Amino acid sequence: MKQSIKRAAVLGSGVMGSGIAAHLANCGIHTIMLDIVPKELTKEELAKGLSLEDKVVRNRIAAQSKKALLKQKPAALTTKKSLDLIEVGNMEDDMDKLAEVDWIVEVVVESLPIKKKVFSRIDEIRKQGAIVSSNTSGISVEKMAEDCSEDFKKHFLGTHFFNPPRYLKLLEIIPTVKTDPEVVAFMKKFSEDVLGKGVVEAKDTPNFIANRIGTYGLLITVRKMLEGGYSIGEVDSVTGPIIGRPKSATFRTLDVVGLDTFIHVAKNVYDQVGGEEKEVFTVPDFMKEMLNRGWLGAKSGQGFFLKKKGKDGSAIYELNTETLEYEERKKLKSVAMEMAKQEKGTRRKLKALVNARGDRAGDLVWSMLKPVLLYSARLCGEIADDVLSIDQAMKWGFGWELGPFETWDAIGVEASVTRMKEEGEDIPEWVENMLERGFSSFYKQENGSSFFYQKGEYTQQEFNKKEIHLKRLKESNGVIKKNAGASFIDLGDGVAGLEFHSQGNSIGLDIIQMMNYAIEETEKNYEGLVIGNQGKNFCVGANLAMMLMEAQDQNFMELDIVVRQFQNMAMRIKYAAKPVVAAPFNMVLGGGAEVSLPAAAIQASPETYIGLVEFGVGLIPGGGGTKELYLKQLRNLPKGIQFDLTKVANDVFEKVATATVSKSAAEARENGFLNATDSISANPDHLLYDAKEKVLALAKAGYQPKLPEQIPVVGDSGYAAMLLGAQNLHRSGYASEHDVKIAEKLAYVLSGGRMKEGTVINEQAMLDLEREAFLSLIGEPLTQQRMQHMLVKGKPLRN
């Protein structure tokens, strides 16, 4: 089956519909977004003399939703340019446009009769072979299409995105019995490769996988809170990162989701199940009263938590579930919590808490985990085919670090089942059978491959060929060389890899040493090198604590050596005989940007937040970052056309002085951190594969090392213009005296050291200027205060 999706349509422009349209546009897909025709005119429309027949009125709902995308937080668009790919209209005048698209996504109100009516109309218009899907979160996908044509049914399925679609990885695909398996296979591949999603195939059951188990888990937690006399704040202090859940834990998550949305999702299951499950999905009375009062969470200004302003600033208060009054937020402190915090890794922390019987925190964790594990096991086969699908859905949709069955493995299946039986629980038969057959875990690793238990045996996990998993790769192929900060590894096909694994992936001498070794080995034995890793962030910068300690001890000679070594490393990356490709993702700050900018090419993840942020700690980039960003901007200018050099220098000055960080890879391109030879991977899981392919493509094209660059500088006049801007900000109260001092150093570097405008200097000259400025600033007490504040508080200090 030859299928492609170049154009799409989204029917419904609410929060979810517009979010899906935005995500499709972010991925480069031209999207038509339609909504209903308004029944009444607004005051503004009346004042303009418009009528209900005017096109601008008839398209108002979709047009307003499109405009609202610009103000959404978190941002739905990776760049404002994505908005140009969204065309708006209405579902009366513009339905014929659906004949032009390859995929139609329905996101209208959750009502089966309305959805069936919409699909009946689509069936009349769509072109043969066009895919149609519903983003329903609970209505039977099978029933929606039961009255449609056979070709419609073959190309119809559920595609359940999670909100916000740009950021949440999960996409549940729900085929019907009539859906063509080739359509399912195509949508899975398309969604992974083009939309960047993690796809899980779900069965057509209430709330599918993630919402079914996630909602159950949240309601169980609420029930255990009420039974155990815990407060909302206490529960959140235990059900967050310490057990591998998001920072928003339980009740902050509900405040973000919205209580009305949560209750709607819970009611959907409640209406379709019976017995004990129905009882669990009964929303507690205090939550119903919150709904009546309009205490929905973030969107209404209060929910389970309320932010109040006091004499000492703002403070967060928690709701008392009995009095429905707000009180000071509490945190649960216990021996088990302290013990768990000392453990390394979520698995060990979980095990420590679960095994702490009689401890308030331990008892809470066990009491909320146990039902979720049993519930997940009972639903395995009903909502999804295997444990892997359930675990992936919970990790990708709810941000759990470990899915239910991975959690069960972490705490020990045999020991926990024994305890469950002691407490009178019924264990699902297939879990009992698994243990009787001598299988003591749901997952196992063997020879670099992953296996999961299914129907009496272990089944090997299949991965998209574009996924490179460094941990498994190292287990099967080993590591060529490593130290505390980095590892040099073989990525296969003649491509080497350098993986950071220091704390926060910050750059210290160990990474510098390994980088030099990696480039030397690559030049001898490999086609090229990929700089990448699979940590939380690519790199948060240089080792700030080490630099501060040396500065406070006045070891400026040692600091000078370190900065020189960093600069030399960056130049080795740039002028290596073989192509070096950087694969940045998430936070790429300071030194992380300085490692990426000189690479032969950058292969970025869609969510790449890159910036030279040293100004925030009272410094300027010392490893060549200013120089490389300036050169990258110059390279991006059209050839053969005169340009204003001062404008380029001012732009770089502003980005460094304001510590500008891109809000996506697309924005990084607009900010000059990426250029025409750099690429963006649609799926972050494919980043290393794509970077490796870029290395091979460069090698195949006969890669030649770059020639040393000459740098035209703005000189005295440019220096004066840059400094004037900083002084004006100071006079207006937007910059401190120390900010002006840092800005003066930055302007001095970019101006080439106060010389004639248009003078050309070499790279080493600008590197020397950067290093000298960096070293002079790090000796300043006010800079050291800023560095200390960042290390302790995690945010900039204005002084």
# chains A, B, ... in the order shown; residues from 1 in each chain; ligands from 1
$ residues_around --residues "Glu744 (chain A)" --least-positions-apart "4" --cutoff "7 Å" --atoms "only C-alpha atoms" --output "list in words"
Leu723, Val740 and Tyr748 of chain A
$ write_last_selection --atoms "N, CA, C and O atoms" --output "compact mmCIF listing (two decimals), in the first residue's frame"
# COMPACT_ATOMS: atom_id res chain seq x y z
N LEU A 723 27.97 49.12 23.63
CA LEU A 723 28.06 49.58 25.01
C LEU A 723 26.97 50.60 25.32
O LEU A 723 26.42 50.63 26.43
N VAL A 740 26.60 46.10 33.25
CA VAL A 740 27.28 46.97 32.28
C VAL A 740 28.75 46.57 32.14
O VAL A 740 29.31 46.55 31.04
N TYR A 748 33.86 44.31 23.94
CA TYR A 748 35.30 44.36 23.62
C TYR A 748 35.70 43.14 22.79
O TYR A 748 36.46 43.26 21.81
$ select_by_dssp --residues "region 222-380 of chain A" --states "alpha helix (DSSP H)" --output "PyMOL selection string"
chain A and resi 222-228+232-238+251-257+259-270+275-280+285-293+335-342+346-354+360-379
$ closest_atom_pairs --of "region 125-240 of chain A" --to "region 352-362 of chain A" --cutoff "10 Å" --atoms "only C-alpha atoms" --output "Markdown table"
| residue | atom | partner | partner_atom | distance |
| --- | --- | --- | --- | --- |
| A:Gly228 | CA | A:Arg360 | CA | 8.8 |
| A:Tyr230 | CA | A:Arg360 | CA | 9.0 |
| A:Glu234 | CA | A:Ala361 | CA | 8.9 |
| A:Val235 | CA | A:Ala361 | CA | 8.7 |
| A:Ser237 | CA | A:Ala361 | CA | 9.4 |
| A:Val238 | CA | A:Ala361 | CA | 6.8 |
| A:Thr239 | CA | A:Ala361 | CA | 9.6 |
$ write_last_selection --atoms "C-alpha atoms" --output "tab-separated table (two decimals), in the first residue's frame"
chain	number	residue	atom	x	y	z
A	228	GLY	CA	-4.83	7.03	56.13
A	230	TYR	CA	-2.74	12.09	54.99
A	234	GLU	CA	1.99	15.03	52.27
A	235	VAL	CA	0.76	12.83	49.41
A	237	SER	CA	5.75	14.95	48.69
A	238	VAL	CA	5.76	11.13	48.41
A	239	THR	CA	4.21	10.55	44.98
$ residues_around --residues "Lys178 (chain A)" --least-positions-apart "6" --cutoff "9 Å" --atoms "only C-alpha atoms" --output "PyMOL selection string"
chain A and resi 142+150+153-156
$ write_last_selection --atoms "all heavy atoms" --output "compact mmCIF listing (two decimals), in the first residue's frame"
# COMPACT_ATOMS: atom_id res chain seq x y z
N GLU A 142 -15.22 1.63 17.37
CA GLU A 142 -15.97 0.72 16.50
C GLU A 142 -17.35 1.30 16.16
O GLU A 142 -17.78 1.32 15.01
CB GLU A 142 -16.14 -0.62 17.22
CG GLU A 142 -16.50 -1.79 16.32
CD GLU A 142 -15.27 -2.43 15.71
OE1 GLU A 142 -14.27 -2.65 16.41
OE2 GLU A 142 -15.34 -2.68 14.49
N GLU A 150 -17.43 0.75 3.38
CA GLU A 150 -16.37 -0.22 3.65
C GLU A 150 -14.98 0.40 3.51
O GLU A 150 -14.08 0.11 4.29
CB GLU A 150 -16.52 -1.43 2.72
CG GLU A 150 -17.67 -2.35 3.07
CD GLU A 150 -17.63 -2.82 4.52
OE1 GLU A 150 -16.57 -3.36 4.94
OE2 GLU A 150 -18.63 -2.64 5.25
N LYS A 153 -14.29 2.37 6.60
CA LYS A 153 -13.97 1.52 7.75
C LYS A 153 -12.57 0.96 7.66
O LYS A 153 -11.86 0.82 8.67
CB LYS A 153 -14.98 0.37 7.84
CG LYS A 153 -16.38 0.82 8.27
CD LYS A 153 -17.35 -0.36 8.24
CE LYS A 153 -18.76 0.08 8.60
NZ LYS A 153 -19.74 -1.01 8.46
N LYS A 154 -12.12 0.64 6.43
CA LYS A 154 -10.77 0.11 6.24
C LYS A 154 -9.71 1.13 6.64
O LYS A 154 -8.62 0.78 7.07
CB LYS A 154 -10.56 -0.28 4.77
CG LYS A 154 -11.08 -1.66 4.39
CD LYS A 154 -10.89 -1.90 2.90
CE LYS A 154 -9.43 -1.91 2.52
NZ LYS A 154 -9.23 -2.20 1.06
N HIS A 155 -10.05 2.40 6.46
CA HIS A 155 -9.08 3.48 6.69
C HIS A 155 -9.39 4.29 7.94
O HIS A 155 -8.89 5.40 8.12
CB HIS A 155 -9.04 4.41 5.47
CG HIS A 155 -8.51 3.75 4.25
ND1 HIS A 155 -9.31 3.01 3.39
CD2 HIS A 155 -7.25 3.66 3.75
CE1 HIS A 155 -8.58 2.53 2.41
NE2 HIS A 155 -7.33 2.90 2.60
N PHE A 156 -10.20 3.72 8.84
CA PHE A 156 -10.61 4.44 10.05
C PHE A 156 -10.02 3.79 11.29
O PHE A 156 -9.95 2.56 11.42
CB PHE A 156 -12.14 4.44 10.16
CG PHE A 156 -12.64 5.14 11.39
CD1 PHE A 156 -12.52 6.51 11.54
CD2 PHE A 156 -13.22 4.42 12.43
CE1 PHE A 156 -12.97 7.16 12.68
CE2 PHE A 156 -13.69 5.05 13.58
CZ PHE A 156 -13.55 6.43 13.70
$ select_by_dssp --residues "region 501-551 of chain A" --states "strand (DSSP E or B)" --output "ChimeraX atom specification"
/A:507,528-531,539,542
$ write_last_selection --atoms "all heavy atoms" --output "CSV table (one decimal), in the first residue's frame"
chain,number,residue,atom,x,y,z
A,507,ILE,N,30.7,19.9,31.7
A,507,ILE,CA,32.0,19.7,31.1
A,507,ILE,C,33.1,20.1,32.1
A,507,ILE,O,33.2,21.2,32.5
A,507,ILE,CB,32.1,20.5,29.8
A,507,ILE,CG1,31.1,20.0,28.8
A,507,ILE,CG2,33.5,20.2,29.2
A,507,ILE,CD1,31.0,20.8,27.5
A,528,GLY,N,33.8,9.0,11.2
A,528,GLY,CA,33.5,10.3,11.8
A,528,GLY,C,33.0,10.0,13.3
A,528,GLY,O,33.0,8.9,13.7
A,529,LEU,N,32.7,11.1,14.0
A,529,LEU,CA,32.3,11.0,15.4
A,529,LEU,C,31.0,11.7,15.6
A,529,LEU,O,30.7,12.8,15.1
A,529,LEU,CB,33.4,11.7,16.2
A,529,LEU,CG,33.2,11.8,17.7
A,529,LEU,CD1,33.3,10.5,18.4
A,529,LEU,CD2,34.2,12.8,18.3
A,530,VAL,N,30.1,11.1,16.5
A,530,VAL,CA,28.9,11.7,17.0
A,530,VAL,C,29.1,12.1,18.5
A,530,VAL,O,29.5,11.2,19.3
A,530,VAL,CB,27.7,10.8,16.8
A,530,VAL,CG1,26.5,11.3,17.6
A,530,VAL,CG2,27.4,10.5,15.4
A,531,ILE,N,28.9,13.3,18.8
A,531,ILE,CA,28.9,13.7,20.2
A,531,ILE,C,27.4,13.7,20.7
A,531,ILE,O,26.6,14.5,20.2
A,531,ILE,CB,29.5,15.1,20.4
A,531,ILE,CG1,30.9,15.2,19.8
A,531,ILE,CG2,29.5,15.5,21.9
A,531,ILE,CD1,31.4,16.6,19.8
A,539,CYS,N,23.7,18.8,27.8
A,539,CYS,CA,24.8,19.4,28.6
A,539,CYS,C,24.4,20.7,29.2
A,539,CYS,O,23.9,21.6,28.5
A,539,CYS,CB,26.1,19.6,27.7
A,539,CYS,SG,27.4,20.4,28.6
A,542,ALA,N,29.6,24.2,31.5
A,542,ALA,CA,30.9,23.8,32.1
A,542,ALA,C,30.7,23.5,33.6
A,542,ALA,O,29.6,23.9,34.2
A,542,ALA,CB,32.0,24.9,31.9
$ closest_residue --among "A:Tyr167, A:Tyr517, A:Trp366, A:Tyr375" --to "Glu423 (chain A)" --atoms "only C-alpha atoms"
A:Trp366
$ atom_distance --atom1 "CA of Lys341 (chain A)" --atom2 "CA of His501 (chain A)"
20.9 Å
$ residues_around --residues "Val613 (chain A)" --least-positions-apart "5" --cutoff "7 Å" --atoms "only C-alpha atoms" --output "PyMOL selection string"
chain A and resi 589-590+656+659-660
$ write_last_selection --atoms "N, CA, C and O atoms" --output "JSON list (two decimals), in the first residue's frame"
[["chain", "number", "residue", "atom", "x", "y", "z"],
["A", 589, "LEU", "N", 23.26, 24.25, 27.21],
["A", 589, "LEU", "CA", 23.56, 25.57, 27.76],
["A", 589, "LEU", "C", 25.06, 25.82, 27.88],
["A", 589, "LEU", "O", 25.82, 24.90, 28.19],
["A", 590, "GLY", "N", 25.45, 27.06, 27.67],
["A", 590, "GLY", "CA", 26.84, 27.46, 27.89],
["A", 590, "GLY", "C", 27.81, 26.56, 27.17],
["A", 590, "GLY", "O", 27.88, 26.52, 25.94],
["A", 656, "VAL", "N", 23.82, 37.03, 23.58],
["A", 656, "VAL", "CA", 24.70, 36.60, 24.67],
["A", 656, "VAL", "C", 24.41, 37.41, 25.93],
["A", 656, "VAL", "O", 24.34, 36.87, 27.04],
["A", 659, "ALA", "N", 21.32, 36.26, 27.57],
["A", 659, "ALA", "CA", 21.33, 34.81, 27.81],
["A", 659, "ALA", "C", 20.15, 34.14, 27.10],
["A", 659, "ALA", "O", 19.44, 33.31, 27.67],
["A", 660, "THR", "N", 19.94, 34.53, 25.83],
["A", 660, "THR", "CA", 18.82, 33.99, 25.05],
["A", 660, "THR", "C", 18.94, 32.48, 24.88],
["A", 660, "THR", "O", 20.00, 31.97, 24.49]]
$ residues_around --residues "region 752-754 of chain A" --least-positions-apart "5" --cutoff "6 Å" --atoms "only C-alpha atoms" --output "list in words"
Val713, Gly715 and Asp716 of chain A
$ residues_around --residues "Lys349 (chain A)" --least-positions-apart "5" --cutoff "7 Å" --atoms "only C-alpha atoms" --output "list in words"
Ile242, Ile243, Ala340, Lys341, Glu343 and Lys344 of chain A
